Amino acid sequence: MNELSPLFIQKAKKLKLLLTDVDGVMTNSQLSFFTGEDGVTREIKHFESLDGMGLMYLTYCGVETGIVSRGSSDTLAWWAKILGMKYLFYNTPVKHKALVYLQEHFNIKPEETAFIGDDLIDLGMMSRVGLPLAVANSVSEAKKLALYTSPRHGGNAAVRDIAEQILRARGQWDKVVQDNTDGTFTTVKNQIHIVKGL
């Protein structure tokens with residue numbers, strides 16, 4: 001297990017929300033498409049189940065989750081709903097606009113928010129949140145901003161690793177393990193709030 005910095009632990013304890021990018025963080029960055037018989041081209045995304053469980057563990061322990069993506073795949077809404085996520089921002093090229101929206105509509109402050117990014121488009125968001133995070137395949141500029149960079153690549157349980165580190169820092173990981181062992185862990189259902197085109 002990686003050594004967590006005192007600053008990471010301090011920020012993790014204040015978290016109310018973890019937001020994440022998708023391509024390159026929840027996936028391995030590869031984009032797959034197919035064209036159906038109706039002539040419509042659709043995107044296929046491959047998600048890691050361990051990431052999904054990590055996000056559900058965060059919600060179970062009181063840290064809400066959400067996605068901020070420049071893309072617009074309907075698959076994102078389906079996946080976010082399954083995971084009990086509370087927020088989904090589609091078509092959001094200037095990602096830190098989501099922070100303004102969240103503060104105005106839900107009173108969630110940037111300093112109470114974490115964000116996992118991997119590319120230059122994520123830098124504005126990473127520089128404004130309380131807990132900026134990155135994955136092993138992130139560009140060097142993102143890694144410089146991150147208070148923690150997972151040793152795992154996007155699509156290879158990096159989000160799960162980050163979720164676990166947050167819960168360890170908050171002193172909640174042992175509860176997650178015990179509740180799974182006892183069979184008392186339950187998934188949390190949320191009404192997802194979807195915002196398109198900020």
# chains A, B, ... in the order shown; residues from 1 in each chain; ligands from 1
call {"tool": "select_by_dssp", "arguments": {"residues": "range 28-182 of chain A", "states": "alpha helix (DSSP H)", "output": "ChimeraX atom specification"}}
result
/A:49-60,74-82,97-106,123-126,140-145,158-169,173-182
call {"tool": "closest_atom_pairs", "arguments": {"of": "range 89-190 of chain A", "to": "range 12-27 of chain A", "cutoff": "10 Å", "atoms": "only C-alpha atoms", "output": "tab-separated table"}}
result
residue	atom	partner	partner_atom	distance
A:Phe89	CA	A:Leu19	CA	9.8
A:Lys95	CA	A:Asp21	CA	9.3
A:Ala98	CA	A:Leu19	CA	9.7
A:Leu99	CA	A:Leu19	CA	9.8
A:Ile108	CA	A:Lys16	CA	7.4
A:Lys109	CA	A:Lys16	CA	8.7
A:Pro110	CA	A:Leu17	CA	9.2
A:Glu111	CA	A:Leu15	CA	7.9
A:Glu112	CA	A:Leu15	CA	4.6
A:Thr113	CA	A:Leu17	CA	4.9
A:Ala114	CA	A:Leu18	CA	4.6
A:Phe115	CA	A:Leu19	CA	4.7
A:Ile116	CA	A:Thr20	CA	4.7
A:Gly117	CA	A:Asp21	CA	5.6
A:Asp118	CA	A:Gly24	CA	6.4
A:Asp119	CA	A:Gly24	CA	8.2
A:Ile121	CA	A:Asp21	CA	9.8
A:Asp122	CA	A:Asp21	CA	7.8
A:Met125	CA	A:Leu19	CA	9.8
A:Val129	CA	A:Leu19	CA	9.8
A:Gly130	CA	A:Leu15	CA	8.2
A:Leu131	CA	A:Ala12	CA	7.1
A:Pro132	CA	A:Leu18	CA	9.8
A:Leu133	CA	A:Thr20	CA	9.1
A:Ala134	CA	A:Val25	CA	8.1
A:Val135	CA	A:Val25	CA	6.7
A:Ala136	CA	A:Val25	CA	9.2
A:Asn137	CA	A:Gly24	CA	7.5
A:Ser138	CA	A:Gly24	CA	7.8
A:Arg152	CA	A:Val25	CA	9.8
A:His153	CA	A:Val25	CA	7.4
A:Gly154	CA	A:Val25	CA	4.0
A:Gly155	CA	A:Thr27	CA	3.8
A:Asn156	CA	A:Thr27	CA	7.6
A:Ala157	CA	A:Met26	CA	8.0
A:Ala158	CA	A:Val25	CA	7.1
A:Val159	CA	A:Met26	CA	6.7
A:Arg160	CA	A:Met26	CA	9.5
A:Ala163	CA	A:Leu18	CA	8.9
A:Gln165	CA	A:Ala12	CA	8.9
A:Ile166	CA	A:Ala12	CA	5.7
A:Leu167	CA	A:Ala12	CA	7.9
A:Arg168	CA	A:Ala12	CA	9.2
A:Ala169	CA	A:Ala12	CA	6.3
A:Arg170	CA	A:Lys13	CA	5.2
A:Gly171	CA	A:Lys13	CA	8.8
call {"tool": "residues_around", "arguments": {"residues": "range 186-198 of chain A", "least_positions_apart": "4", "cutoff": "9 Å", "atoms": "only C-alpha atoms", "output": "PyMOL selection string"}}
result
chain A and resi 56-57+59-60+66+70+72+77+80-95+97-98+101+179-180
call {"tool": "select_by_dssp", "arguments": {"residues": "range 14-178 of chain A", "states": "strand (DSSP E or B)", "output": "JSON, numbers by chain"}}
result
{"A": [17, 18, 19, 20, 32, 33, 34, 35, 41, 42, 43, 44, 64, 65, 66, 67, 68, 87, 88, 89, 90, 113, 114, 115, 116, 117, 131, 132, 133, 134, 148, 149]}
call {"tool": "closest_residue", "arguments": {"among": "A:Gly36, A:Met126, A:Thr149, A:Trp79", "to": "Leu55 in chain A", "atoms": "only C-alpha atoms"}}
result
A:Trp79
